[in-house]
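Engineer: The structure follows.
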Amino acid sequence: MAINLVLLFLLSANLSAPVQAPLPTTTRTAVVTVTTPTYDTDIEIDGRPITGSGTSRTFETPPLAPGRTFQYNVVAKWAPNTYTKMSRAKVVHVRAGDRFQIDLSVDDPSDRVTVMYVPTPDFVVDAMVKLAGITTSDVTYEPGVGDARITIAAVRGGARRAVGIDLDPQRVEESRANVNAAGLADKIDIRLGDALEQPDLAAMTVVFLYMGDHFNMLIRPYLWKQLPIGARVVSHRFLMGDWKPDRTVSLEDEYGLSYEVHLWTITEAIKKANRPKGE
């Protein structure tokens with residue numbers, strides 16, 4: 001009798017235990033569709049080029065294990081004009097069987113720009129320094145410093161100190177050599193790096209630009225947020241979207257070619273109107 005009771009107890013316990021379904025073991029792929037900025041944009045996923053053209057590209061992952069999340073780094077690279085190269089990146093997380101869409105056609109603060117080096121004519125340099133109204137209290141900043149001719153001219157024009165930055169090691173080497181030759185190494189700091197990752201604008205009172213419309217739009221939020229009231233921004237040729245310049249100077253060279261230099265001033269109204277929400 002006792003044995004029968006034990007068997008009955010064991011059987012009832014077994015019947016009441018939850019039944020666990022076996023974990024799926026079949027792998028499946030995921031499909032990522034990318035909307036691109038231009039027809040001929042190059043797309044890389046985890047550093048691997050994806051072939052094709054057009055404003056929509058599709059990437060199918062290798063078979064993925066179920067129940068896990070996988071990360072892919074998607075990068076778009078394109079040239080909006082002959083002197084500018086752009087890159088835009090997003091990280092996507094997918095699971096087996098997913099169909100995922102990402103839009104890389106929309107401007108993003110994380111965009112990065114490489115601009116072909118084109119020297120600024122000396123008479124334009126002089127006009128930029130003059131338009132900036134350089135004083136002995138100014139600290140100037142020049143992204144894409146090139147050969148440092150604008151920065152050197154600003155310090156010779158009276159600026160107390162200057163910083164120039166460039167992505168290209170060759171340009172940085174050339175700039176430093178020119179600064180040393182000018183005897184201004186104690187006043188000018190030339191850096192290697194991305195100006196959008198090292199804005200360092202809080203102490204700057206003048207920013208010189210000859211970097212293209214795309215770069216100007218990317219650095220614009222930094223200018224509004226970090227520059228002090230009264231700081232000036234001077235750009236050769238290129239504008240700032242709907243931020244209208246306070247003044248534009250038109251120039252002409254000996255061959256009749258036209259040039260423009262634009263000036264903006266940071267005001268309390270500008271900073272207030274463009275202050276990020278919540279600040």
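Just remember, in the structure tokens the first chain shown is A, the second B, etc., residues are 1-based per chain, and ligands are 1-based in the order shown.
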As a ChimeraX atom specification, please: all residues of range 80-231 of chain A that backbone DSSP puts in helix (DSSP H, G or I).
Structural biologist: /A:122-132,149-156,169-181,213-226
Engineer: Please, which residues of range 25-188 of chain A, numbered as in this document, come out strand (DSSP E) from DSSP, as a PyMOL selection string?
Structural biologist: chain A and resi 31-35+42-45+48-50+56-60+69-81+84-95+99-103+112-115+139-143+161-166+188
Engineer: Write out the residues from the selection above, keeping C-alpha atoms, as a short mmCIF file (atom, residue, chain, number, x, y, z; two decimals), in the first residue's frame.
Structural biologist:
```
data_model
loop_
_atom_site.label_atom_id
_atom_site.label_comp_id
_atom_site.auth_asym_id
_atom_site.auth_seq_id
_atom_site.Cartn_x
_atom_site.Cartn_y
_atom_site.Cartn_z
CA VAL A 31 17.20 41.75 -44.16
CA VAL A 32 18.31 45.38 -43.82
CA THR A 33 17.12 47.92 -46.40
CA VAL A 34 19.11 51.18 -46.55
CA THR A 35 17.85 54.44 -48.06
CA ASP A 42 28.88 53.75 -51.28
CA ILE A 43 27.50 51.59 -48.47
CA GLU A 44 29.62 49.62 -46.02
CA ILE A 45 28.32 47.24 -43.38
CA ARG A 48 32.48 45.45 -45.96
CA PRO A 49 31.34 47.20 -49.17
CA ILE A 50 27.82 46.38 -50.35
CA SER A 56 17.76 51.91 -51.90
CA ARG A 57 20.09 49.00 -51.10
CA THR A 58 19.33 45.68 -49.45
CA PHE A 59 21.66 43.64 -47.27
CA GLU A 60 20.89 40.11 -46.09
CA THR A 69 20.35 40.37 -30.98
CA PHE A 70 23.08 41.18 -33.48
CA GLN A 71 24.68 44.58 -34.13
CA TYR A 72 25.74 45.96 -37.52
CA ASN A 73 27.53 49.24 -38.28
CA VAL A 74 26.20 50.79 -41.48
CA VAL A 75 28.14 53.62 -43.13
CA ALA A 76 27.19 55.71 -46.19
CA LYS A 77 29.90 57.57 -48.11
CA TRP A 78 29.26 60.01 -50.95
CA ALA A 79 30.53 63.18 -52.61
CA PRO A 80 27.89 65.94 -52.88
CA ASN A 81 30.30 67.99 -55.01
CA THR A 84 33.49 67.50 -50.41
CA LYS A 85 33.29 63.91 -49.17
CA MET A 86 30.60 62.99 -46.66
CA SER A 87 30.05 60.02 -44.37
CA ARG A 88 27.01 59.11 -42.28
CA ALA A 89 26.81 56.15 -39.91
CA LYS A 90 24.15 54.28 -37.96
CA VAL A 91 24.20 51.24 -35.72
CA VAL A 92 21.35 48.75 -36.22
CA HIS A 93 20.31 45.88 -33.99
CA VAL A 94 18.53 42.94 -35.62
CA ARG A 95 17.29 39.49 -34.73
CA ARG A 99 13.19 42.97 -41.88
CA PHE A 100 14.70 46.32 -40.93
CA GLN A 101 14.78 49.69 -42.70
CA ILE A 102 17.16 52.58 -42.01
CA ASP A 103 17.16 56.00 -43.65
CA ARG A 112 31.48 63.84 -40.98
CA VAL A 113 32.95 65.92 -43.79
CA THR A 114 36.30 65.86 -45.58
CA VAL A 115 36.95 68.93 -47.72
CA VAL A 139 41.51 84.18 -29.93
CA THR A 140 40.88 82.76 -33.41
CA TYR A 141 39.94 79.25 -34.54
CA GLU A 142 40.29 77.80 -38.04
CA PRO A 143 38.94 74.36 -38.95
CA ARG A 161 46.31 83.62 -29.82
CA ALA A 162 45.08 81.18 -32.46
CA VAL A 163 44.18 77.52 -32.93
CA GLY A 164 44.08 75.69 -36.26
CA ILE A 165 43.03 72.08 -36.86
CA ASP A 166 43.15 69.75 -39.84
CA ILE A 188 49.52 79.49 -32.70
#
```
Engineer: Out of A:Ile270, A:Ala195, A:Leu239, A:Ala154, which residue has the shortest atom-to-atom distance to Lys225 in chain A when counting only C-alpha atoms?
Structural biologist: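 Residue with the minimum atom-to-atom distance to Lys225 in chain A: A:Ile270.
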Engineer: Out of A:Val125, A:Leu218, A:Leu64, A:Ala159, which residue has the shortest atom-to-atom distance to Met204 in chain A when counting only C-alpha atoms?
Structural biologist: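 Smallest separation from Met204 in chain A among the options: A:Ala159.
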Engineer: Which residues are close to Gly241 in chain A, i.e. within 12 Å by only C-alpha atoms, leaving aside same-chain residues fewer than 6 positions away? Reply as a PyMOL selection string.
Structural biologist: chain A and resi 212-221
Engineer: The selected residues should be written to file as a PDB file, in the first residue's frame (atoms: C-alpha atoms).
Structural biologist:
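Heads up, here's the output in again31.pdb:
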```pdb
ATOM      1  CA  GLY A 212      31.878  74.253 -47.740  1.00  0.00           C
ATOM      2  CA  ASP A 213      28.151  74.506 -47.097  1.00  0.00           C
ATOM      3  CA  HIS A 214      27.884  71.006 -45.615  1.00  0.00           C
ATOM      4  CA  PHE A 215      30.595  71.589 -43.028  1.00  0.00           C
ATOM      5  CA  ASN A 216      29.198  75.014 -42.151  1.00  0.00           C
ATOM      6  CA  MET A 217      25.824  73.479 -41.354  1.00  0.00           C
ATOM      7  CA  LEU A 218      27.418  70.808 -39.155  1.00  0.00           C
ATOM      8  CA  ILE A 219      29.531  73.236 -37.139  1.00  0.00           C
ATOM      9  CA  ARG A 220      26.744  75.820 -36.884  1.00  0.00           C
ATOM     10  CA  PRO A 221      25.153  74.330 -33.706  1.00  0.00           C
TER      11      PRO A 221
END
```
